[in-house]
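*Asks:* target.cif is reproduced in full below (mmCIF, C-alpha atoms).
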```cif
data_work
#
loop_
_atom_site.label_atom_id
_atom_site.label_comp_id
_atom_site.auth_asym_id
_atom_site.auth_seq_id
_atom_site.Cartn_x
_atom_site.Cartn_y
_atom_site.Cartn_z
CA SER A 1 114.54 107.60 106.91
CA GLN A 2 112.57 106.00 104.09
CA GLN A 3 114.43 103.75 101.73
CA GLY A 4 112.28 104.09 98.66
CA GLU A 5 112.07 106.93 96.23
CA GLU A 6 109.07 106.89 93.97
CA ASP A 7 108.38 108.79 90.83
CA PRO A 8 106.38 110.44 89.71
CA GLN A 9 105.02 111.92 92.94
CA ALA A 10 101.73 112.52 91.17
CA LEU A 11 100.26 111.13 87.96
CA SER A 12 97.04 112.11 86.22
CA ILE A 13 95.70 110.03 83.33
CA GLN A 14 92.47 109.30 81.47
CA GLU A 15 90.48 106.16 82.03
CA GLY A 16 91.69 103.40 79.74
CA GLU A 17 95.30 104.61 79.66
CA ASN A 18 98.17 102.76 81.30
CA ALA A 19 99.84 104.09 84.44
CA THR A 20 103.50 103.42 85.25
CA MET A 21 105.04 104.15 88.63
CA ASN A 22 108.68 103.68 89.52
CA CYS A 23 110.45 102.93 92.76
CA SER A 24 114.14 102.98 93.64
CA TYR A 25 115.68 101.69 96.84
CA LYS A 26 119.06 101.63 98.53
CA THR A 27 119.89 98.31 100.21
CA SER A 28 119.70 94.65 99.22
CA ILE A 29 116.26 93.18 99.65
CA ASN A 30 114.43 89.91 100.28
CA ASN A 31 111.40 91.14 98.37
CA LEU A 32 109.58 94.26 97.24
CA GLN A 33 105.87 94.85 97.65
CA TRP A 34 103.39 97.32 96.24
CA TYR A 35 100.46 98.68 98.24
CA ARG A 36 97.51 100.90 97.42
CA GLN A 37 95.98 103.41 99.79
CA ASN A 38 92.68 105.13 99.19
CA SER A 39 92.25 108.49 100.85
CA GLY A 40 91.74 108.11 104.59
CA ARG A 41 91.99 104.33 104.47
CA GLY A 42 94.55 101.67 105.32
CA LEU A 43 96.94 100.08 102.88
CA VAL A 44 95.91 97.21 100.65
CA HIS A 45 98.54 94.73 99.48
CA LEU A 46 98.72 94.45 95.68
CA ILE A 47 101.65 92.27 94.76
CA LEU A 48 104.94 90.90 96.11
CA ILE A 49 108.00 90.20 93.98
CA ARG A 50 110.96 88.29 95.40
CA SER A 51 114.56 89.31 94.84
CA ASN A 52 115.14 86.37 92.46
CA GLU A 53 112.16 87.29 90.29
CA ARG A 54 112.26 89.81 87.46
CA GLU A 55 108.61 90.19 86.53
CA LYS A 56 105.24 89.33 88.01
CA HIS A 57 101.66 89.75 86.85
CA SER A 58 98.39 89.94 88.73
CA GLY A 59 95.30 90.85 86.74
CA ARG A 60 95.89 94.33 85.29
CA LEU A 61 99.06 94.77 87.34
CA ARG A 62 102.58 94.10 86.09
CA VAL A 63 105.58 94.54 88.35
CA THR A 64 109.21 94.41 87.31
CA LEU A 65 112.27 94.26 89.52
CA ASP A 66 115.87 95.08 88.57
CA THR A 67 118.07 94.30 91.55
CA SER A 68 121.21 95.50 89.75
CA LYS A 69 119.67 98.97 89.47
CA LYS A 70 117.76 98.64 92.75
CA SER A 71 114.55 99.66 91.05
CA SER A 72 111.03 98.42 90.43
CA SER A 73 108.10 99.54 88.36
CA LEU A 74 104.36 99.02 88.68
CA LEU A 75 102.26 99.12 85.53
CA ILE A 76 98.49 99.33 85.72
CA THR A 77 96.92 98.61 82.37
CA ALA A 78 93.55 99.87 81.14
CA SER A 79 93.14 102.10 84.18
CA ARG A 80 89.76 102.79 85.76
CA ALA A 81 88.49 105.68 87.85
CA ALA A 82 88.45 103.26 90.80
CA ASP A 83 92.25 102.95 90.51
CA THR A 84 92.55 106.51 91.84
CA ALA A 85 94.65 106.17 94.99
CA SER A 86 98.18 106.50 96.36
CA TYR A 87 100.55 103.68 95.50
CA PHE A 88 103.52 102.78 97.69
CA CYS A 89 106.43 100.47 97.15
CA ALA A 90 107.81 98.79 100.25
CA THR A 91 111.00 96.81 100.61
CA ASP A 92 111.80 93.96 102.96
CA PRO A 93 115.55 94.61 103.44
CA ARG A 94 118.04 91.75 103.43
CA TYR A 95 119.26 92.73 106.90
CA ASN A 96 115.70 92.41 108.20
CA GLN A 97 115.03 90.00 111.00
CA GLY A 98 111.38 90.61 111.51
CA GLY A 99 109.72 91.47 108.25
CA LYS A 100 109.30 95.19 108.83
CA LEU A 101 108.74 97.10 105.61
CA ILE A 102 110.48 100.25 104.44
CA PHE A 103 108.06 102.38 102.42
CA GLY A 104 108.61 104.93 99.71
CA GLN A 105 106.92 108.31 99.64
CA GLY A 106 104.24 107.13 97.26
CA THR A 107 102.77 108.09 93.90
CA GLU A 108 99.37 109.76 93.88
CA LEU A 109 97.45 108.45 90.87
CA SER A 110 94.37 110.20 89.56
CA VAL A 111 92.35 108.48 86.84
CA LYS A 112 89.82 110.76 85.19
CA PRO A 113 86.64 109.21 83.78
CA GLY B 1 88.37 88.57 112.90
CA ALA B 2 87.81 89.44 109.27
CA GLY B 3 90.54 92.04 109.20
CA VAL B 4 92.81 94.20 111.31
CA SER B 5 90.73 96.49 113.48
CA GLN B 6 92.01 99.72 115.03
CA SER B 7 90.35 102.00 117.53
CA PRO B 8 89.62 104.77 117.84
CA ARG B 9 89.53 105.84 114.18
CA TYR B 10 90.08 109.47 115.18
CA LYS B 11 91.57 110.95 118.31
CA VAL B 12 92.05 114.58 119.23
CA ALA B 13 94.36 115.13 122.17
CA LYS B 14 95.48 118.25 123.93
CA ARG B 15 99.22 118.74 124.05
CA GLY B 16 100.61 116.94 127.08
CA GLN B 17 97.79 114.41 127.25
CA ASP B 18 98.47 110.66 127.17
CA VAL B 19 96.77 108.54 124.49
CA ALA B 20 96.33 104.82 123.91
CA LEU B 21 95.69 103.35 120.48
CA ARG B 22 94.40 99.82 120.09
CA CYS B 23 94.99 97.22 117.41
CA ASP B 24 93.14 93.91 117.00
CA PRO B 25 95.11 91.84 114.50
CA ILE B 26 93.76 89.04 112.36
CA SER B 27 93.20 86.02 114.55
CA GLY B 28 96.21 83.72 114.57
CA HIS B 29 98.62 86.19 113.07
CA VAL B 30 101.96 85.91 114.80
CA SER B 31 103.51 89.17 113.65
CA LEU B 32 102.22 92.64 114.45
CA PHE B 33 103.66 95.93 113.28
CA TRP B 34 103.01 99.59 114.10
CA TYR B 35 103.72 102.33 111.56
CA GLN B 36 103.39 106.10 111.68
CA GLN B 37 102.25 107.95 108.57
CA ALA B 38 102.58 111.71 108.36
CA LEU B 39 100.40 113.60 105.90
CA GLY B 40 101.55 113.07 102.33
CA GLN B 41 104.27 110.59 103.33
CA GLY B 42 104.73 106.87 103.28
CA PRO B 43 104.36 104.87 106.50
CA GLU B 44 107.41 104.71 108.76
CA PHE B 45 108.12 101.66 110.91
CA LEU B 46 107.75 102.05 114.66
CA THR B 47 107.86 98.64 116.28
CA TYR B 48 107.35 94.90 115.70
CA PHE B 49 106.02 92.03 117.82
CA GLN B 50 106.28 88.32 117.29
CA ASN B 51 103.57 86.94 119.53
CA GLU B 52 104.02 88.79 122.82
CA ALA B 53 107.72 89.54 122.31
CA GLN B 54 108.67 92.99 121.12
CA LEU B 55 111.57 92.11 118.84
CA ASP B 56 112.22 95.49 117.27
CA LYS B 57 111.41 98.92 118.64
CA SER B 58 114.04 100.79 116.71
CA GLY B 59 111.50 103.08 115.03
CA LEU B 60 109.91 104.50 118.17
CA PRO B 61 110.77 108.21 117.99
CA SER B 62 111.19 108.82 121.70
CA ASP B 63 110.73 107.26 125.11
CA ARG B 64 107.27 108.82 125.18
CA PHE B 65 106.18 106.02 122.84
CA PHE B 66 105.49 102.61 124.31
CA ALA B 67 103.86 99.53 122.78
CA GLU B 68 102.75 96.26 124.28
CA ARG B 69 101.10 93.02 123.24
CA PRO B 70 100.84 91.13 126.54
CA GLU B 71 98.92 88.05 125.37
CA GLY B 72 100.20 87.90 121.82
CA SER B 73 97.03 89.18 120.20
CA VAL B 74 95.70 92.71 120.88
CA SER B 75 98.32 95.44 120.94
CA THR B 76 98.28 98.93 122.40
CA LEU B 77 100.46 101.84 121.35
CA LYS B 78 100.71 104.43 124.07
CA ILE B 79 102.02 107.94 123.62
CA GLN B 80 102.73 109.93 126.76
CA ARG B 81 102.74 113.72 126.98
CA THR B 82 101.69 114.12 123.37
CA GLN B 83 103.32 116.81 121.25
CA GLN B 84 102.12 118.46 118.05
CA GLU B 85 104.69 116.55 116.01
CA ASP B 86 102.98 113.32 117.09
CA SER B 87 100.01 114.22 114.89
CA ALA B 88 99.83 111.50 112.24
CA VAL B 89 97.96 108.38 111.22
CA TYR B 90 99.07 105.34 113.20
CA LEU B 91 98.74 102.12 111.23
CA CYS B 92 98.77 98.61 112.59
CA ALA B 93 99.52 95.59 110.40
CA SER B 94 99.62 91.87 111.04
CA SER B 95 100.96 88.90 109.13
CA SER B 96 101.06 85.17 109.60
CA VAL B 97 104.86 85.07 109.60
CA GLY B 98 107.38 87.87 109.61
CA VAL B 99 109.41 87.51 106.46
CA GLY B 100 108.32 87.53 102.85
CA THR B 101 104.59 87.51 103.29
CA GLU B 102 101.76 89.91 102.86
CA ALA B 103 100.98 92.30 105.68
CA PHE B 104 97.34 93.19 106.33
CA PHE B 105 96.79 96.75 107.46
CA GLY B 106 94.08 98.28 109.60
CA GLN B 107 92.36 101.54 108.68
CA GLY B 108 94.55 103.47 111.06
CA THR B 109 93.99 105.92 113.89
CA ARG B 110 94.29 109.57 112.94
CA LEU B 111 95.78 111.40 115.92
CA THR B 112 95.59 115.17 116.03
CA VAL B 113 97.39 116.95 118.87
CA VAL B 114 96.12 120.49 119.50
#
```
Could you express the structure from this file as C-alpha coordinates?
*Replies:*
Amino acid sequence: SQQGEEDPQALSIQEGENATMNCSYKTSINNLQWYRQNSGRGLVHLILIRSNEREKHSGRLRVTLDTSKKSSSLLITASRAADTASYFCATDPRYNQGGKLIFGQGTELSVKP
Amino acid sequence: GAGVSQSPRYKVAKRGQDVALRCDPISGHVSLFWYQQALGQGPEFLTYFQNEAQLDKSGLPSDRFFAERPEGSVSTLKIQRTQQEDSAVYLCASSSVGVGTEAFFGQGTRLTVV
(Lines of atoms letter the chains of each structure in order from A and count residues from 1; the text may use other names and numbers.)
(Lines give C-alpha, C1' and ligand atoms only; values in the text may rest on other atoms or scores of the structure.)
Protein backbone atom coordinates (compact mmCIF):
# COMPACT_ATOMS: atom_id res chain seq x y z
CA SER A 1 0.00 0.00 0.00
CA GLN A 2 2.96 2.30 -0.61
CA GLN A 3 2.34 5.46 -2.54
CA GLY A 4 5.78 6.04 -3.97
CA GLU A 5 7.47 4.30 -6.82
CA GLU A 6 11.18 4.82 -7.05
CA ASP A 7 13.54 4.16 -9.86
CA PRO A 8 15.99 2.82 -10.35
CA GLN A 9 15.65 0.11 -7.71
CA ALA A 10 19.43 -0.16 -7.65
CA LEU A 11 22.17 2.14 -8.89
CA SER A 12 25.92 1.51 -8.99
CA ILE A 13 28.33 4.34 -9.79
CA GLN A 14 31.96 5.33 -9.34
CA GLU A 15 33.08 7.79 -6.72
CA GLY A 16 32.93 11.32 -8.07
CA GLU A 17 30.00 10.65 -10.40
CA ASN A 18 26.53 12.08 -9.88
CA ALA A 19 23.64 9.89 -8.77
CA THR A 20 20.03 10.61 -9.73
CA MET A 21 17.07 8.87 -8.16
CA ASN A 22 13.45 9.39 -9.12
CA CYS A 23 10.22 9.09 -7.20
CA SER A 24 6.62 9.13 -8.39
CA TYR A 25 3.55 9.32 -6.19
CA LYS A 26 -0.21 9.13 -6.55
CA THR A 27 -2.09 11.66 -4.42
CA SER A 28 -1.78 15.38 -3.72
CA ILE A 29 0.81 16.18 -1.09
CA ASN A 30 1.74 18.75 1.54
CA ASN A 31 5.42 17.97 1.12
CA LEU A 32 7.85 15.31 -0.02
CA GLN A 33 10.88 14.19 1.95
CA TRP A 34 13.96 12.14 1.17
CA TYR A 35 15.59 9.82 3.69
CA ARG A 36 18.74 7.74 3.69
CA GLN A 37 19.10 4.37 5.37
CA ASN A 38 22.40 2.63 5.91
CA SER A 39 22.25 -1.14 6.16
CA GLY A 40 20.76 -2.23 9.47
CA ARG A 41 20.23 1.33 10.67
CA GLY A 42 17.35 3.76 11.05
CA LEU A 43 16.38 6.40 8.54
CA VAL A 44 18.11 9.76 8.41
CA HIS A 45 16.22 12.78 7.10
CA LEU A 46 17.97 14.46 4.17
CA ILE A 47 15.70 17.15 2.79
CA LEU A 48 12.07 18.29 2.70
CA ILE A 49 10.46 20.08 -0.24
CA ARG A 50 7.02 21.65 0.10
CA SER A 51 4.32 21.34 -2.53
CA ASN A 52 4.75 24.99 -3.57
CA GLU A 53 8.49 24.61 -4.10
CA ARG A 54 10.09 23.35 -7.30
CA GLU A 55 13.72 22.92 -6.33
CA LYS A 56 15.77 22.77 -3.17
CA HIS A 57 19.46 22.41 -2.42
CA SER A 58 21.33 21.16 0.61
CA GLY A 59 25.07 20.70 0.28
CA ARG A 60 25.64 18.10 -2.45
CA LEU A 61 21.93 17.30 -2.62
CA ARG A 62 19.48 18.79 -5.11
CA VAL A 63 15.81 17.89 -5.03
CA THR A 64 13.22 18.81 -7.62
CA LEU A 65 9.46 18.48 -7.38
CA ASP A 66 6.94 18.49 -10.23
CA THR A 67 3.47 18.36 -8.73
CA SER A 68 1.81 18.28 -12.16
CA LYS A 69 3.61 15.02 -12.91
CA LYS A 70 3.55 13.88 -9.28
CA SER A 71 7.26 13.20 -9.36
CA SER A 72 10.47 14.17 -7.61
CA SER A 73 14.13 13.57 -8.17
CA LEU A 74 17.12 13.50 -5.84
CA LEU A 75 20.53 14.33 -7.28
CA ILE A 76 23.68 13.64 -5.30
CA THR A 77 26.66 15.36 -6.86
CA ALA A 78 30.29 14.27 -6.59
CA SER A 79 29.32 11.04 -4.86
CA ARG A 80 31.48 9.43 -2.19
CA ALA A 81 31.78 5.85 -1.01
CA ALA A 82 30.09 6.98 2.22
CA ASP A 83 26.95 7.81 0.20
CA THR A 84 26.37 4.07 -0.26
CA ALA A 85 22.93 3.45 1.27
CA SER A 86 19.25 3.05 0.43
CA TYR A 87 17.38 6.24 -0.37
CA PHE A 88 13.64 6.59 0.17
CA CYS A 89 11.21 9.26 -0.84
CA ALA A 90 8.28 9.82 1.51
CA THR A 91 5.18 11.87 0.93
CA ASP A 92 3.02 13.72 3.43
CA PRO A 93 -0.37 13.38 1.67
CA ARG A 94 -2.78 16.31 1.48
CA TYR A 95 -5.48 14.25 3.21
CA ASN A 96 -3.13 13.65 6.12
CA GLN A 97 -4.20 14.76 9.55
CA GLY A 98 -1.27 13.59 11.55
CA GLY A 99 1.88 13.81 9.52
CA LYS A 100 2.31 10.12 8.79
CA LEU A 101 4.60 9.50 5.85
CA ILE A 102 4.02 7.23 2.88
CA PHE A 103 7.32 5.74 1.73
CA GLY A 104 8.46 4.45 -1.62
CA GLN A 105 10.28 1.17 -2.09
CA GLY A 106 13.67 2.83 -2.16
CA THR A 107 16.72 3.02 -4.39
CA GLU A 108 19.81 1.10 -3.32
CA LEU A 109 22.85 3.20 -4.20
CA SER A 110 26.32 1.72 -4.34
CA VAL A 111 29.27 4.08 -4.79
CA LYS A 112 32.48 2.30 -5.65
CA PRO A 113 35.78 3.89 -4.57
CA GLY B 1 17.53 12.30 24.98
CA ALA B 2 19.93 12.78 22.11
CA GLY B 3 17.89 10.73 19.70
CA VAL B 4 15.08 8.21 19.39
CA SER B 5 15.99 5.06 21.27
CA GLN B 6 14.41 1.66 20.61
CA SER B 7 14.79 -1.56 22.53
CA PRO B 8 15.53 -4.31 22.10
CA ARG B 9 17.57 -3.95 18.90
CA TYR B 10 16.94 -7.60 18.04
CA LYS B 11 14.22 -9.96 19.17
CA VAL B 12 13.70 -13.59 18.27
CA ALA B 13 10.28 -14.92 19.19
CA LYS B 14 8.72 -18.32 18.83
CA ARG B 15 5.51 -18.39 16.85
CA GLY B 16 2.62 -17.69 19.19
CA GLN B 17 4.70 -15.75 21.69
CA ASP B 18 3.79 -12.18 22.70
CA VAL B 19 6.39 -9.43 22.26
CA ALA B 20 6.70 -5.84 23.43
CA LEU B 21 8.85 -3.28 21.63
CA ARG B 22 9.81 -0.04 23.31
CA CYS B 23 10.41 3.42 21.91
CA ASP B 24 11.88 6.41 23.76
CA PRO B 25 11.26 9.48 21.60
CA ILE B 26 13.23 12.69 21.67
CA SER B 27 12.31 14.60 24.79
CA GLY B 28 9.50 17.06 24.16
CA HIS B 29 8.43 15.62 20.85
CA VAL B 30 4.67 15.62 20.62
CA SER B 31 4.24 13.22 17.72
CA LEU B 32 5.28 9.57 17.69
CA PHE B 33 4.95 7.14 14.81
CA TRP B 34 5.45 3.39 14.40
CA TYR B 35 6.40 1.89 11.04
CA GLN B 36 6.98 -1.67 9.89
CA GLN B 37 9.72 -2.35 7.34
CA ALA B 38 9.91 -5.70 5.59
CA LEU B 39 13.21 -6.77 4.06
CA GLY B 40 13.98 -4.83 0.91
CA GLN B 41 10.90 -2.61 1.25
CA GLY B 42 10.17 0.90 2.38
CA PRO B 43 8.66 1.50 5.83
CA GLU B 44 4.89 1.16 6.11
CA PHE B 45 2.89 3.25 8.57
CA LEU B 46 1.35 1.46 11.53
CA THR B 47 0.10 4.02 14.01
CA TYR B 48 0.46 7.62 15.23
CA PHE B 49 0.25 9.32 18.63
CA GLN B 50 -0.06 12.96 19.48
CA ASN B 51 0.99 13.10 23.11
CA GLU B 52 -0.88 10.22 24.74
CA ALA B 53 -3.72 10.15 22.20
CA GLN B 54 -3.60 7.52 19.49
CA LEU B 55 -5.01 9.50 16.60
CA ASP B 56 -4.44 7.05 13.77
CA LYS B 57 -4.11 3.29 13.96
CA SER B 58 -5.20 2.58 10.43
CA GLY B 59 -1.95 0.81 9.54
CA LEU B 60 -2.05 -1.85 12.25
CA PRO B 61 -2.33 -5.10 10.28
CA SER B 62 -4.51 -7.00 12.73
CA ASP B 63 -6.00 -6.87 16.20
CA ARG B 64 -2.92 -8.73 17.41
CA PHE B 65 -1.07 -5.41 17.19
CA PHE B 66 -1.55 -2.89 19.96
CA ALA B 67 0.31 0.32 20.75
CA GLU B 68 0.19 2.65 23.71
CA ARG B 69 1.81 5.84 24.95
CA PRO B 70 0.19 6.32 28.35
CA GLU B 71 2.12 9.37 29.57
CA GLY B 72 2.81 10.97 26.22
CA SER B 73 6.47 10.03 26.08
CA VAL B 74 7.61 6.38 25.95
CA SER B 75 5.60 4.14 23.64
CA THR B 76 5.23 0.38 23.49
CA LEU B 77 4.17 -1.66 20.48
CA LYS B 78 2.83 -5.03 21.50
CA ILE B 79 2.28 -7.95 19.17
CA GLN B 80 0.28 -10.86 20.51
CA ARG B 81 0.53 -14.44 19.25
CA THR B 82 3.30 -13.59 16.82
CA GLN B 83 3.23 -15.10 13.33
CA GLN B 84 6.05 -15.57 10.83
CA GLU B 85 4.69 -12.75 8.67
CA ASP B 86 5.29 -10.37 11.59
CA SER B 87 9.04 -10.73 11.03
CA ALA B 88 10.27 -7.26 10.08
CA VAL B 89 12.09 -4.22 11.40
CA TYR B 90 9.84 -2.03 13.53
CA LEU B 91 10.81 1.63 13.37
CA CYS B 92 9.75 4.36 15.73
CA ALA B 93 9.93 8.05 14.79
CA SER B 94 9.16 11.25 16.63
CA SER B 95 8.69 14.85 15.59
CA SER B 96 8.00 18.12 17.30
CA VAL B 97 4.74 18.65 15.43
CA GLY B 98 2.84 16.36 13.11
CA VAL B 99 2.66 18.10 9.78
CA GLY B 100 5.43 19.29 7.51
CA THR B 101 8.40 18.71 9.74
CA GLU B 102 11.28 16.33 9.92
CA ALA B 103 10.75 12.99 11.61
CA PHE B 104 13.62 11.52 13.61
CA PHE B 105 13.87 7.76 13.43
CA GLY B 106 15.26 5.24 15.89
CA GLN B 107 17.51 2.38 14.81
CA GLY B 108 14.62 -0.03 14.84
CA THR B 109 13.90 -3.40 16.40
CA ARG B 110 14.48 -6.38 14.14
CA LEU B 111 11.87 -9.00 15.02
CA THR B 112 12.34 -12.54 13.78
CA VAL B 113 9.53 -15.02 14.42
CA VAL B 114 10.64 -18.66 14.21
*Asks:* Go through the shown structure with the PyMOL selection byres ((chain A) within 12 of (chain B)) and write out the matching residues as a PyMOL selection string.
*Replies:* chain A and resi 1-6+9-10+29-51+86-108
*Asks:* Hey, which of A:Ser58, A:Ala78, A:Lys70, A:Thr64 ends up closest to Met21 of chain A? Count all atoms listed in the file.
*Replies:*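 Checking each of A:Ser58, A:Ala78, A:Lys70, A:Thr64 against Met21 of chain A, counting all atoms listed in the file, the winner is A:Thr64.
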*Asks:* Find the residues near Val19 of chain B: any atom within 7 Å, counting all atoms listed in the file, skip ones fewer than 4 places away on the same chain, and give them as a PyMOL selection string.
*Replies:* chain B and resi 78-80
*Asks:* Would you work out the distance separating atom CA of Gln17 of chain B from atom CA of Glu85 of chain B, expressed in Å to one decimal?
*Replies:* 13.4 Å
*Asks:* For Cys23 of chain B, find every residue with an atom within 6 Å (counting only C-alpha atoms), except residues of its own chain fewer than 4 positions away, and show them as a list in words.
*Replies:*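 Here the answer would be Ser5, Gln6, Val74 and Ser75 of chain B.
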*Asks:* Quick one: pull the distance between atom CA of Leu74 of chain A and atom CA of Ala88 of chain B, Å, one decimal.
*Replies:*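 We find that atom CA of Leu74 of chain A and atom CA of Ala88 of chain B lie 27.0 Å from each other.
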*Asks:* I want to know what sits within 8 Å of Ser79 of chain A, based on only C-alpha atoms, with residues of the same chain fewer than 6 positions away left out; could you give that as a list of chain:residue names?
*Replies:*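 Counting only C-alpha atoms, the residues come to A:Gln14, A:Glu15, A:Gly16, A:Glu17, A:Asn18, A:Ala19, A:Val111.
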*Asks:* Once 3 Å is added on each side, what are the centre and the three edge lengths, in Å to one decimal, of the axis-aligned box enclosing the listed atoms of segment 59-63 of chain A? Present them as AutoDock Vina command-line options.
*Replies:*
```
--center_x 100.4 --center_y 92.8 --center_z 86.8 --size_x 16.3 --size_y 9.9 --size_z 9.1
```
